[in-house]
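Reproduced below: target15.cif, with mmCIF, C-alpha atoms.
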```cif
data_query
#
loop_
_atom_site.group_PDB
_atom_site.id
_atom_site.type_symbol
_atom_site.label_atom_id
_atom_site.label_comp_id
_atom_site.auth_asym_id
_atom_site.auth_seq_id
_atom_site.Cartn_x
_atom_site.Cartn_y
_atom_site.Cartn_z
ATOM 1 C CA MET I 1470 -5.384 7.767 24.523
ATOM 2 C CA GLY I 1471 -8.193 10.309 24.815
ATOM 3 C CA ARG I 1472 -10.797 8.084 26.464
ATOM 4 C CA LEU I 1473 -11.419 10.797 29.078
ATOM 5 C CA ASP I 1474 -11.098 13.884 26.890
ATOM 6 C CA GLY I 1475 -13.160 16.736 28.331
ATOM 7 C CA LYS I 1476 -13.930 14.887 31.559
ATOM 8 C CA THR I 1477 -13.287 16.046 35.134
ATOM 9 C CA ALA I 1478 -12.336 13.685 37.945
ATOM 10 C CA VAL I 1479 -11.730 13.912 41.679
ATOM 11 C CA ILE I 1480 -9.519 11.152 43.089
ATOM 12 C CA THR I 1481 -9.163 10.810 46.846
ATOM 13 C CA GLY I 1482 -5.956 9.265 48.121
ATOM 14 C CA GLY I 1483 -4.462 10.291 44.803
ATOM 15 C CA ALA I 1484 -1.026 11.285 46.046
ATOM 16 C CA SER I 1485 0.386 7.753 46.268
ATOM 17 C CA GLY I 1486 -0.186 4.098 45.471
ATOM 18 C CA MET I 1487 -3.201 3.087 43.398
ATOM 19 C CA GLY I 1488 -4.530 6.626 43.529
ATOM 20 C CA ALA I 1489 -1.384 8.142 42.046
ATOM 21 C CA ALA I 1490 -1.324 5.495 39.315
ATOM 22 C CA THR I 1491 -4.918 6.391 38.473
ATOM 23 C CA VAL I 1492 -4.161 10.118 38.454
ATOM 24 C CA ARG I 1493 -1.366 9.501 35.947
ATOM 25 C CA ARG I 1494 -3.581 7.322 33.737
ATOM 26 C CA PHE I 1495 -6.495 9.750 33.801
ATOM 27 C CA ILE I 1496 -4.263 12.690 32.889
ATOM 28 C CA ALA I 1497 -2.747 10.662 30.046
ATOM 29 C CA GLU I 1498 -6.268 9.914 28.800
ATOM 30 C CA GLY I 1499 -7.226 13.602 28.677
ATOM 31 C CA ALA I 1500 -9.023 14.267 31.977
ATOM 32 C CA ALA I 1501 -8.676 17.229 34.300
ATOM 33 C CA VAL I 1502 -7.927 15.716 37.725
ATOM 34 C CA TRP I 1503 -8.180 16.989 41.292
ATOM 35 C CA ILE I 1504 -6.080 15.037 43.796
ATOM 36 C CA ALA I 1505 -7.674 14.975 47.267
ATOM 37 C CA ASP I 1506 -5.204 13.768 49.890
ATOM 38 C CA LEU I 1507 -3.613 14.541 53.254
ATOM 39 C CA GLN I 1508 -0.109 13.967 51.876
ATOM 40 C CA VAL I 1509 0.603 17.561 50.916
ATOM 41 C CA GLU I 1510 4.198 17.222 49.735
ATOM 42 C CA LYS I 1511 3.495 14.179 47.561
ATOM 43 C CA GLY I 1512 0.242 15.598 46.227
ATOM 44 C CA GLU I 1513 1.713 18.938 45.259
ATOM 45 C CA ALA I 1514 4.733 17.283 43.636
ATOM 46 C CA LEU I 1515 2.534 14.965 41.557
ATOM 47 C CA ALA I 1516 0.301 17.828 40.439
ATOM 48 C CA ALA I 1517 3.334 19.931 39.459
ATOM 49 C CA GLU I 1518 4.807 17.003 37.528
ATOM 50 C CA LEU I 1519 1.642 16.287 35.549
ATOM 51 C CA GLY I 1520 0.907 19.846 34.458
ATOM 52 C CA VAL I 1521 -1.919 22.347 34.334
ATOM 53 C CA ASP I 1522 -4.714 19.766 34.167
ATOM 54 C CA CYS I 1523 -3.716 18.240 37.509
ATOM 55 C CA HIS I 1524 -4.536 19.966 40.789
ATOM 56 C CA PHE I 1525 -4.040 19.183 44.464
ATOM 57 C CA VAL I 1526 -6.338 20.054 47.366
ATOM 58 C CA GLU I 1527 -5.425 18.997 50.896
ATOM 59 C CA THR I 1528 -8.365 16.851 51.981
ATOM 60 C CA ASN I 1529 -9.382 14.727 54.946
ATOM 61 C CA VAL I 1530 -12.063 12.462 53.487
ATOM 62 C CA GLY I 1531 -13.616 11.966 56.915
ATOM 63 C CA ILE I 1532 -14.459 15.689 57.156
ATOM 64 C CA GLU I 1533 -17.505 16.713 55.144
ATOM 65 C CA ALA I 1534 -16.364 20.294 54.533
ATOM 66 C CA ASP I 1535 -13.103 19.025 53.012
ATOM 67 C CA VAL I 1536 -14.825 16.648 50.599
ATOM 68 C CA GLU I 1537 -17.353 19.283 49.609
ATOM 69 C CA ALA I 1538 -14.553 21.802 49.004
ATOM 70 C CA VAL I 1539 -12.470 19.672 46.632
ATOM 71 C CA ILE I 1540 -15.542 18.763 44.574
ATOM 72 C CA ALA I 1541 -16.575 22.425 44.483
ATOM 73 C CA ALA I 1542 -13.098 23.381 43.258
ATOM 74 C CA ALA I 1543 -13.295 20.907 40.384
ATOM 75 C CA VAL I 1544 -16.817 21.968 39.385
ATOM 76 C CA SER I 1545 -15.969 25.676 39.660
ATOM 77 C CA ALA I 1546 -13.010 25.268 37.314
ATOM 78 C CA THR I 1547 -14.582 23.057 34.655
ATOM 79 C CA GLY I 1548 -18.345 23.283 35.151
ATOM 80 C CA ARG I 1549 -18.739 19.532 35.550
ATOM 81 C CA LEU I 1550 -17.807 16.371 37.463
ATOM 82 C CA ASP I 1551 -17.611 13.157 35.474
ATOM 83 C CA CYS I 1552 -15.850 10.830 37.889
ATOM 84 C CA MET I 1553 -15.624 10.689 41.672
ATOM 85 C CA PHE I 1554 -13.107 8.047 42.730
ATOM 86 C CA ASN I 1555 -13.364 7.364 46.478
ATOM 87 C CA ASN I 1556 -10.009 5.682 46.748
ATOM 88 C CA ALA I 1557 -8.431 6.948 49.996
ATOM 89 C CA GLY I 1558 -7.755 4.250 52.550
ATOM 90 C CA PHE I 1559 -5.375 2.552 54.958
ATOM 91 C CA GLY I 1560 -5.217 -0.608 57.038
ATOM 92 C CA GLY I 1561 -6.628 0.909 60.218
ATOM 93 C CA VAL I 1562 -7.037 -0.845 63.538
ATOM 94 C CA GLY I 1563 -6.020 -4.504 63.601
ATOM 95 C CA GLY I 1564 -5.232 -7.397 65.868
ATOM 96 C CA PRO I 1565 -7.413 -10.102 67.442
ATOM 97 C CA ILE I 1566 -11.068 -9.153 67.761
ATOM 98 C CA ASP I 1567 -10.938 -9.228 71.572
ATOM 99 C CA GLU I 1568 -8.116 -6.668 71.485
ATOM 100 C CA THR I 1569 -9.737 -4.230 69.041
ATOM 101 C CA ASP I 1570 -8.913 -0.604 69.866
ATOM 102 C CA MET I 1571 -12.288 1.141 70.135
ATOM 103 C CA GLY I 1572 -10.805 4.590 70.755
ATOM 104 C CA PRO I 1573 -9.772 7.338 68.309
ATOM 105 C CA ALA I 1574 -7.968 4.844 66.056
ATOM 106 C CA TYR I 1575 -11.226 2.969 65.480
ATOM 107 C CA GLN I 1576 -13.110 6.156 64.633
ATOM 108 C CA GLN I 1577 -10.325 7.246 62.291
ATOM 109 C CA THR I 1578 -10.581 3.890 60.513
ATOM 110 C CA VAL I 1579 -14.346 4.226 60.069
ATOM 111 C CA ASP I 1580 -14.003 7.828 58.901
ATOM 112 C CA GLY I 1581 -11.363 6.990 56.328
ATOM 113 C CA LEU I 1582 -12.797 3.769 54.934
ATOM 114 C CA LEU I 1583 -16.582 4.298 55.075
ATOM 115 C CA THR I 1584 -17.460 7.911 55.880
ATOM 116 C CA GLY I 1585 -15.155 9.032 53.059
ATOM 117 C CA PRO I 1586 -17.021 7.090 50.345
ATOM 118 C CA VAL I 1587 -20.393 8.184 51.775
ATOM 119 C CA LEU I 1588 -19.342 11.838 51.636
ATOM 120 C CA GLY I 1589 -17.854 11.455 48.176
ATOM 121 C CA MET I 1590 -21.089 9.976 46.868
ATOM 122 C CA LYS I 1591 -23.214 12.586 48.643
ATOM 123 C CA HIS I 1592 -21.452 15.629 47.244
ATOM 124 C CA ALA I 1593 -20.611 14.259 43.797
ATOM 125 C CA THR I 1594 -24.263 13.411 43.233
ATOM 126 C CA VAL I 1595 -25.373 17.048 43.297
ATOM 127 C CA GLN I 1596 -23.413 18.002 40.158
ATOM 128 C CA MET I 1597 -23.872 14.656 38.455
ATOM 129 C CA LYS I 1598 -27.646 14.881 38.793
ATOM 130 C CA ALA I 1599 -27.574 18.372 37.301
ATOM 131 C CA GLN I 1600 -25.671 17.139 34.232
ATOM 132 C CA ALA I 1601 -27.525 13.787 34.135
ATOM 133 C CA SER I 1602 -24.328 11.751 33.917
ATOM 134 C CA GLY I 1603 -21.339 10.585 35.904
ATOM 135 C CA SER I 1604 -19.396 7.692 37.348
ATOM 136 C CA ILE I 1605 -18.773 7.137 41.050
ATOM 137 C CA ILE I 1606 -16.101 4.586 41.898
ATOM 138 C CA SER I 1607 -15.045 3.424 45.358
ATOM 139 C CA THR I 1608 -12.115 1.265 46.360
ATOM 140 C CA ALA I 1609 -13.351 -1.779 48.275
ATOM 141 C CA SER I 1610 -11.228 -4.933 48.630
ATOM 142 C CA VAL I 1611 -11.218 -8.693 48.271
ATOM 143 C CA ALA I 1612 -11.196 -8.526 52.086
ATOM 144 C CA GLY I 1613 -14.794 -7.358 51.793
ATOM 145 C CA LEU I 1614 -15.657 -10.512 49.843
ATOM 146 C CA ARG I 1615 -13.744 -13.252 51.666
ATOM 147 C CA GLY I 1616 -12.659 -13.880 55.227
ATOM 148 C CA GLY I 1617 -9.033 -13.903 56.261
ATOM 149 C CA MET I 1618 -7.804 -11.370 53.714
ATOM 150 C CA GLY I 1619 -7.479 -8.321 55.951
ATOM 151 C CA PRO I 1620 -7.918 -6.931 59.460
ATOM 152 C CA HIS I 1621 -11.387 -7.430 60.949
ATOM 153 C CA VAL I 1622 -12.569 -3.819 60.967
ATOM 154 C CA TYR I 1623 -10.995 -3.121 57.581
ATOM 155 C CA SER I 1624 -12.762 -6.162 56.108
ATOM 156 C CA ALA I 1625 -16.106 -5.159 57.599
ATOM 157 C CA LEU I 1626 -15.849 -1.620 56.259
ATOM 158 C CA LYS I 1627 -14.840 -2.790 52.794
ATOM 159 C CA ALA I 1628 -17.879 -5.100 52.764
ATOM 160 C CA ALA I 1629 -19.945 -2.056 53.748
ATOM 161 C CA VAL I 1630 -18.532 -0.107 50.795
ATOM 162 C CA ILE I 1631 -19.727 -2.866 48.462
ATOM 163 C CA GLY I 1632 -23.199 -2.768 50.021
ATOM 164 C CA LEU I 1633 -23.265 1.029 49.836
ATOM 165 C CA THR I 1634 -22.250 0.861 46.174
ATOM 166 C CA GLN I 1635 -25.114 -1.469 45.316
ATOM 167 C CA SER I 1636 -27.676 0.560 47.249
ATOM 168 C CA VAL I 1637 -26.688 3.929 45.801
ATOM 169 C CA ALA I 1638 -26.415 2.474 42.294
ATOM 170 C CA VAL I 1639 -30.122 1.624 42.365
ATOM 171 C CA GLU I 1640 -31.046 5.149 43.442
ATOM 172 C CA LEU I 1641 -28.894 6.987 40.911
ATOM 173 C CA ALA I 1642 -29.387 4.820 37.826
ATOM 174 C CA GLU I 1643 -32.347 6.894 36.636
ATOM 175 C CA PHE I 1644 -30.041 9.924 36.470
ATOM 176 C CA HIS I 1645 -27.540 8.006 34.291
ATOM 177 C CA ILE I 1646 -25.041 7.971 37.154
ATOM 178 C CA ARG I 1647 -23.119 4.717 37.514
ATOM 179 C CA VAL I 1648 -21.859 3.585 40.913
ATOM 180 C CA ASN I 1649 -19.298 0.788 41.100
ATOM 181 C CA ALA I 1650 -16.568 -0.525 43.380
ATOM 182 C CA ILE I 1651 -13.145 -1.977 42.670
ATOM 183 C CA CYS I 1652 -11.914 -4.875 44.824
ATOM 184 C CA PRO I 1653 -8.115 -5.058 44.650
ATOM 185 C CA GLY I 1654 -6.230 -8.157 45.703
ATOM 186 C CA GLY I 1655 -2.485 -8.213 46.372
ATOM 187 C CA ILE I 1656 -1.495 -4.858 44.901
ATOM 188 C CA MET I 1657 1.940 -3.406 45.585
ATOM 189 C CA THR I 1658 0.967 -0.210 47.404
ATOM 190 C CA PRO I 1659 2.184 1.616 50.543
ATOM 191 C CA ILE I 1660 -0.734 0.161 52.549
ATOM 192 C CA PHE I 1661 1.196 -3.122 52.824
ATOM 193 C CA LEU I 1662 4.424 -1.466 53.945
ATOM 194 C CA GLY I 1663 3.004 -0.243 57.249
ATOM 195 C CA GLY I 1664 5.224 2.826 57.381
ATOM 196 C CA GLN I 1665 8.345 0.678 57.517
ATOM 197 C CA GLU I 1666 11.652 1.889 56.121
ATOM 198 C CA LEU I 1667 14.696 -0.029 54.978
ATOM 199 C CA LYS I 1668 17.997 0.187 56.800
ATOM 200 C CA ALA I 1669 20.376 2.928 55.729
ATOM 201 C CA GLY I 1670 22.531 1.933 52.794
ATOM 202 C CA SER I 1671 20.107 -0.605 51.364
ATOM 203 C CA ASN I 1672 20.322 -0.827 47.576
ATOM 204 C CA THR I 1673 16.691 -1.820 47.032
ATOM 205 C CA THR I 1674 13.214 -0.572 47.937
ATOM 206 C CA LEU I 1675 10.555 -2.147 50.115
ATOM 207 C CA GLU I 1676 8.355 -2.497 47.064
ATOM 208 C CA ASP I 1677 11.037 -4.370 45.153
ATOM 209 C CA ALA I 1678 11.759 -6.561 48.191
ATOM 210 C CA LEU I 1679 8.094 -7.546 48.551
ATOM 211 C CA ARG I 1680 7.212 -7.822 44.861
ATOM 212 C CA PRO I 1681 8.529 -11.425 44.512
ATOM 213 C CA VAL I 1682 6.418 -12.448 47.526
ATOM 214 C CA PHE I 1683 3.320 -10.843 46.039
ATOM 215 C CA SER I 1684 3.930 -12.731 42.799
ATOM 216 C CA THR I 1685 3.238 -16.052 44.557
ATOM 217 C CA ILE I 1686 -0.069 -15.417 46.308
ATOM 218 C CA GLN I 1687 -2.470 -15.693 43.362
ATOM 219 C CA PRO I 1688 -2.770 -17.781 40.169
ATOM 220 C CA ILE I 1689 -1.376 -15.053 37.891
ATOM 221 C CA PRO I 1690 2.346 -15.222 38.693
ATOM 222 C CA ARG I 1691 3.161 -11.568 39.218
ATOM 223 C CA ALA I 1692 2.432 -8.931 41.804
ATOM 224 C CA GLY I 1693 -0.535 -6.658 41.236
ATOM 225 C CA GLU I 1694 0.436 -3.069 40.472
ATOM 226 C CA GLY I 1695 -1.260 0.278 40.864
ATOM 227 C CA ALA I 1696 -1.562 0.408 37.077
ATOM 228 C CA ASP I 1697 -3.897 -2.607 37.207
ATOM 229 C CA ILE I 1698 -6.336 -0.677 39.382
ATOM 230 C CA ALA I 1699 -5.914 2.424 37.242
ATOM 231 C CA ALA I 1700 -6.915 0.416 34.174
ATOM 232 C CA MET I 1701 -10.138 -0.742 35.834
ATOM 233 C CA ALA I 1702 -10.871 2.770 37.083
ATOM 234 C CA LEU I 1703 -10.353 4.064 33.542
ATOM 235 C CA PHE I 1704 -12.897 1.574 32.204
ATOM 236 C CA LEU I 1705 -15.448 2.561 34.855
ATOM 237 C CA ALA I 1706 -14.857 6.298 34.335
ATOM 238 C CA SER I 1707 -15.033 6.109 30.550
ATOM 239 C CA ASP I 1708 -17.985 5.822 28.206
ATOM 240 C CA ASP I 1709 -17.070 2.152 27.710
ATOM 241 C CA SER I 1710 -18.967 1.318 30.908
ATOM 242 C CA THR I 1711 -22.238 3.193 30.463
ATOM 243 C CA PHE I 1712 -24.248 -0.020 31.034
ATOM 244 C CA VAL I 1713 -22.283 -1.123 34.115
ATOM 245 C CA THR I 1714 -23.480 -0.177 37.595
ATOM 246 C CA GLY I 1715 -23.758 -1.639 41.081
ATOM 247 C CA GLN I 1716 -20.795 -3.958 40.526
ATOM 248 C CA ALA I 1717 -17.820 -4.971 42.668
ATOM 249 C CA MET I 1718 -15.119 -5.379 40.034
ATOM 250 C CA VAL I 1719 -12.471 -7.789 41.312
ATOM 251 C CA VAL I 1720 -8.873 -7.098 40.255
ATOM 252 C CA ASP I 1721 -6.870 -9.760 42.078
ATOM 253 C CA GLY I 1722 -5.018 -11.987 39.626
ATOM 254 C CA GLY I 1723 -7.409 -14.817 40.480
ATOM 255 C CA LEU I 1724 -6.798 -14.697 44.250
ATOM 256 C CA THR I 1725 -10.472 -15.173 45.125
ATOM 257 C CA VAL I 1726 -10.890 -17.951 42.561
ATOM 258 C CA GLY I 1727 -8.424 -20.351 44.096
ATOM 259 C CA ARG I 1728 -4.899 -20.973 45.222
ATOM 260 C CA ARG I 1729 -2.090 -20.908 42.720
ATOM 261 C CA ARG I 1730 -1.322 -24.400 41.372
ATOM 262 C CA ILE I 1731 2.326 -25.039 42.135
ATOM 263 C CA THR I 1732 2.490 -28.750 41.238
ATOM 264 C CA ALA I 1733 1.118 -30.888 38.459
ATOM 265 C CA PRO I 1734 -2.149 -32.680 39.386
ATOM 266 C CA GLU I 1735 -0.406 -36.061 39.537
ATOM 267 C CA GLU I 1736 2.111 -34.616 42.022
ATOM 268 C CA SER I 1737 -0.439 -33.110 44.398
ATOM 269 C CA PRO I 1738 -0.097 -33.909 48.128
ATOM 270 C CA MET I 1739 -3.377 -35.857 48.019
ATOM 271 C CA ARG I 1740 -2.223 -38.054 45.140
ATOM 272 C CA GLN I 1741 1.113 -38.620 46.859
ATOM 273 C CA ALA I 1742 -0.586 -39.621 50.121
ATOM 274 C CA LEU I 1743 -2.813 -42.147 48.341
ATOM 275 C CA ALA I 1744 -0.180 -43.478 45.963
ATOM 276 C CA ASP I 1745 0.594 -46.568 48.050
ATOM 277 C CA LEU I 1746 -3.013 -47.190 49.103
ATOM 278 C CA VAL I 1747 -5.115 -46.972 45.964
ATOM 279 C CA ASP I 1748 -5.386 -49.803 43.442
ATOM 280 C CA GLU I 1749 -4.317 -48.116 40.199
ATOM 281 C CA ASP I 1750 -6.452 -50.517 38.176
ATOM 282 C CA SER I 1751 -9.567 -49.204 39.946
ATOM 283 C CA GLU I 1752 -9.119 -45.685 38.646
#
```
What's the structure tokens form of this structure?
Amino acid sequence: MGRLDGKTAVITGGASGMGAATVRRFIAEGAAVWIADLQVEKGEALAAELGVDCHFVETNVGIEADVEAVIAAAVSATGRLDCMFNNAGFGGVGGPIDETDMGPAYQQTVDGLLTGPVLGMKHATVQMKAQASGSIISTASVAGLRGGMGPHVYSALKAAVIGLTQSVAVELAEFHIRVNAICPGGIMTPIFLGGQELKAGSNTTLEDALRPVFSTIQPIPRAGEGADIAAMALFLASDDSTFVTGQAMVVDGGLTVGRRRITAPEESPMRQALADLVDEDSE
């Protein structure tokens, strides 16, 4: 505890999911935190629960005035900004590429997933340059590193966030400002639930229903949790990472390394297929 004592953080998308888990962890570690989110009821409830060091400001990360305002509120109250976590996001437009919706839904996706991080970096940099320190973190995704792990536009924008992170990291390094991204894998967050609700009378939650499925998709045999992302964000926000910048930190239980091994090597489908064909003495 205390790894963020005296530090100030703004966390977009902090009212739920990975953002809320990070808000809780940062508060526990001693930071003053401003939650920037469109989910007013959830954001206000979380801030009230966590006490006087946690604040909520209704924020649309695709609107520059909103992003500027929440950062200004944090700086006005504490005189500093130590961490800007551009975490807000959602799945956005999906479907086959030849059916991509290029209307308002597309623009909303771009605003939320790319414009938001650009604006967060832009306005956080002003205070961080003045104090010659700071950590900017953005949520990217394994979908920005590998094909087939997310919707097309989502994947493209997450790849853009990684490129933006690397580019801005080079510019801001001389001011002792670190800029990094986190690439989550299969994390149990509302983004995977798609706004679905269980039938009335159900004695479980969607998260609990999906958690066993998520435990099978990567080598580490459990679902990823918001706390896993919060732990990486804590490292990047703390003084433990003062020599780390321009990185895309993968938190995916090994998903991008390879498929989970579910059989012993001698029982693999390839070995089974060749069992009757290969001369064992030739091995």
Quick one: which residues end up in the PyMOL selection byres ((chain I and resi 1496) around 12) for this structure, as an mmCIF file with C-alpha atoms, in the coordinates of the input?
```cif
data_model
loop_
_atom_site.group_PDB
_atom_site.id
_atom_site.type_symbol
_atom_site.label_atom_id
_atom_site.label_comp_id
_atom_site.auth_asym_id
_atom_site.auth_seq_id
_atom_site.Cartn_x
_atom_site.Cartn_y
_atom_site.Cartn_z
ATOM 1 C CA MET I 1470 -5.384 7.767 24.523
ATOM 2 C CA GLY I 1471 -8.193 10.309 24.815
ATOM 3 C CA ARG I 1472 -10.797 8.084 26.464
ATOM 4 C CA LEU I 1473 -11.419 10.797 29.078
ATOM 5 C CA ASP I 1474 -11.098 13.884 26.890
ATOM 6 C CA GLY I 1475 -13.160 16.736 28.331
ATOM 7 C CA LYS I 1476 -13.930 14.887 31.559
ATOM 8 C CA THR I 1477 -13.287 16.046 35.134
ATOM 9 C CA ALA I 1478 -12.336 13.685 37.945
ATOM 10 C CA VAL I 1479 -11.730 13.912 41.679
ATOM 11 C CA ILE I 1480 -9.519 11.152 43.089
ATOM 12 C CA ALA I 1489 -1.384 8.142 42.046
ATOM 13 C CA ALA I 1490 -1.324 5.495 39.315
ATOM 14 C CA THR I 1491 -4.918 6.391 38.473
ATOM 15 C CA VAL I 1492 -4.161 10.118 38.454
ATOM 16 C CA ARG I 1493 -1.366 9.501 35.947
ATOM 17 C CA ARG I 1494 -3.581 7.322 33.737
ATOM 18 C CA PHE I 1495 -6.495 9.750 33.801
ATOM 19 C CA ALA I 1497 -2.747 10.662 30.046
ATOM 20 C CA GLU I 1498 -6.268 9.914 28.800
ATOM 21 C CA GLY I 1499 -7.226 13.602 28.677
ATOM 22 C CA ALA I 1500 -9.023 14.267 31.977
ATOM 23 C CA ALA I 1501 -8.676 17.229 34.300
ATOM 24 C CA VAL I 1502 -7.927 15.716 37.725
ATOM 25 C CA TRP I 1503 -8.180 16.989 41.292
ATOM 26 C CA ILE I 1504 -6.080 15.037 43.796
ATOM 27 C CA LEU I 1515 2.534 14.965 41.557
ATOM 28 C CA ALA I 1516 0.301 17.828 40.439
ATOM 29 C CA GLU I 1518 4.807 17.003 37.528
ATOM 30 C CA LEU I 1519 1.642 16.287 35.549
ATOM 31 C CA GLY I 1520 0.907 19.846 34.458
ATOM 32 C CA VAL I 1521 -1.919 22.347 34.334
ATOM 33 C CA ASP I 1522 -4.714 19.766 34.167
ATOM 34 C CA CYS I 1523 -3.716 18.240 37.509
ATOM 35 C CA HIS I 1524 -4.536 19.966 40.789
ATOM 36 C CA ALA I 1699 -5.914 2.424 37.242
ATOM 37 C CA LEU I 1703 -10.353 4.064 33.542
#
```
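Considering the residues I:Asn1649, I:Thr1711, I:Gln1508, I:Ser1624 and counting all atoms listed in the file, Gly1483 of chain I has its shortest atom-to-atom contact with I:Gln1508.
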Residues matched by the PyMOL selection byres ((chain I and resi 1551-1560) around 7) as a VMD selection string:
chain I and resid 1476 to 1482 1488 1549 to 1550 1561 to 1562 1581 to 1582 1586 1589 1593 1603 to 1608 1623 1660 1706
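Closest approach to Asp1677 of chain I among I:Glu1694, I:Ala1609, I:Asp1721, I:Ile1631 is made by I:Glu1694 (distances from all atoms listed in the file).
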I'd like the residues picked by the PyMOL selection byres ((chain I and resi 1536) around 10) written out as a PDB file with C-alpha atoms, keeping the file's coordinate frame, using the chain letters and numbers from the file.
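Listing of out36.pdb after writing:
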```pdb
ATOM      1  CA  VAL I1479     -11.730  13.912  41.679  1.00  0.00           C
ATOM      2  CA  THR I1481      -9.163  10.810  46.846  1.00  0.00           C
ATOM      3  CA  ALA I1505      -7.674  14.975  47.267  1.00  0.00           C
ATOM      4  CA  VAL I1526      -6.338  20.054  47.366  1.00  0.00           C
ATOM      5  CA  GLU I1527      -5.425  18.997  50.896  1.00  0.00           C
ATOM      6  CA  THR I1528      -8.365  16.851  51.981  1.00  0.00           C
ATOM      7  CA  ASN I1529      -9.382  14.727  54.946  1.00  0.00           C
ATOM      8  CA  VAL I1530     -12.063  12.462  53.487  1.00  0.00           C
ATOM      9  CA  GLY I1531     -13.616  11.966  56.915  1.00  0.00           C
ATOM     10  CA  ILE I1532     -14.459  15.689  57.156  1.00  0.00           C
ATOM     11  CA  GLU I1533     -17.505  16.713  55.144  1.00  0.00           C
ATOM     12  CA  ALA I1534     -16.364  20.294  54.533  1.00  0.00           C
ATOM     13  CA  ASP I1535     -13.103  19.025  53.012  1.00  0.00           C
ATOM     14  CA  GLU I1537     -17.353  19.283  49.609  1.00  0.00           C
ATOM     15  CA  ALA I1538     -14.553  21.802  49.004  1.00  0.00           C
ATOM     16  CA  VAL I1539     -12.470  19.672  46.632  1.00  0.00           C
ATOM     17  CA  ILE I1540     -15.542  18.763  44.574  1.00  0.00           C
ATOM     18  CA  ALA I1541     -16.575  22.425  44.483  1.00  0.00           C
ATOM     19  CA  GLY I1585     -15.155   9.032  53.059  1.00  0.00           C
ATOM     20  CA  PRO I1586     -17.021   7.090  50.345  1.00  0.00           C
ATOM     21  CA  LEU I1588     -19.342  11.838  51.636  1.00  0.00           C
ATOM     22  CA  GLY I1589     -17.854  11.455  48.176  1.00  0.00           C
ATOM     23  CA  MET I1590     -21.089   9.976  46.868  1.00  0.00           C
ATOM     24  CA  LYS I1591     -23.214  12.586  48.643  1.00  0.00           C
ATOM     25  CA  HIS I1592     -21.452  15.629  47.244  1.00  0.00           C
ATOM     26  CA  ALA I1593     -20.611  14.259  43.797  1.00  0.00           C
TER      27      ALA I1593
END
```
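Of the listed residues (I:Thr1674, I:Thr1725, I:Thr1685, I:Gln1635), I:Thr1725 comes nearest to Pro1653 of chain I; the distances count only C-alpha atoms.
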Pick from I:Ser1636, I:Gln1687, I:Thr1569, I:Thr1594 nearest to Val1544 of chain I, counting all atoms listed in the file
I:Thr1594
What is the distance, in Å and to one decimal place, between atom CA of Gly1632 of chain I and atom CA of Gly1617 of chain I?
19.1 Å
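With distances taken over all atoms listed in the file, I:Thr1584 is the one residue among I:Ala1696, I:Ala1642, I:Arg1680, I:Thr1584 lying closest to Ala1629 of chain I.
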Given all atoms listed in the file as the counted atoms, nearest of I:Gln1716, I:Thr1658, I:Gln1577, I:Ser1610 to Gly1695 of chain I:
I:Thr1658
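We find atom CA of Arg1728 of chain I and atom CA of Ile1689 of chain I to be spaced 10.1 Å apart.
For the atom pair formed by atom CA of Gly1486 of chain I and atom CA of Asp1570 of chain I, the distance is 26.3 Å, given to one decimal.
Residues with any atom within 7 Å of Thr1714 of chain I, counting all atoms listed in the file and excluding same-chain neighbours fewer than 4 positions away, are Ala1638, Arg1647, Val1648 and Asn1649 of chain I.
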Within-9 Å shell of (-12.4, -8.4, 62.3) in input frame, all atoms listed in the file, as a PyMOL selection string
chain I and resi 1563-1566+1569+1616-1617+1619-1625
Please write out, as JSON, where the centre of an axis-aligned box around all listed atoms of segment 1690-1707 of chain I lies and how long its edges are, in Å to one decimal, after adding 4 Å on each side.
```
{"center_x": -6.1, "center_y": -4.5, "center_z": 36.2, "size_x": 26.6, "size_y": 29.5, "size_z": 19.3}
```
Any chance you could turn segment 1509-1516 of chain I into a file with N, CA and C atoms, as an mmCIF file, in the first residue's frame?
```cif
data_model
loop_
_atom_site.group_PDB
_atom_site.id
_atom_site.type_symbol
_atom_site.label_atom_id
_atom_site.label_comp_id
_atom_site.auth_asym_id
_atom_site.auth_seq_id
_atom_site.Cartn_x
_atom_site.Cartn_y
_atom_site.Cartn_z
ATOM 1 N N VAL I 1509 -23.233 8.227 -15.319
ATOM 2 C CA VAL I 1509 -23.330 9.126 -14.170
ATOM 3 C C VAL I 1509 -23.674 8.376 -12.889
ATOM 4 N N GLU I 1510 -24.699 7.552 -12.933
ATOM 5 C CA GLU I 1510 -25.148 6.869 -11.714
ATOM 6 C C GLU I 1510 -24.046 5.976 -11.142
ATOM 7 N N LYS I 1511 -23.408 5.196 -12.011
ATOM 8 C CA LYS I 1511 -22.335 4.313 -11.544
ATOM 9 C C LYS I 1511 -21.124 5.108 -11.070
ATOM 10 N N GLY I 1512 -20.787 6.163 -11.789
ATOM 11 C CA GLY I 1512 -19.626 6.963 -11.418
ATOM 12 C C GLY I 1512 -19.808 7.664 -10.091
ATOM 13 N N GLU I 1513 -20.966 8.243 -9.888
ATOM 14 C CA GLU I 1513 -21.230 8.940 -8.630
ATOM 15 C C GLU I 1513 -21.278 7.954 -7.461
ATOM 16 N N ALA I 1514 -21.854 6.785 -7.685
ATOM 17 C CA ALA I 1514 -21.931 5.784 -6.620
ATOM 18 C C ALA I 1514 -20.541 5.299 -6.224
ATOM 19 N N LEU I 1515 -19.674 5.073 -7.215
ATOM 20 C CA LEU I 1515 -18.316 4.610 -6.922
ATOM 21 C C LEU I 1515 -17.536 5.676 -6.169
ATOM 22 N N ALA I 1516 -17.660 6.920 -6.592
ATOM 23 C CA ALA I 1516 -16.960 8.013 -5.916
ATOM 24 C C ALA I 1516 -17.437 8.148 -4.475
#
```
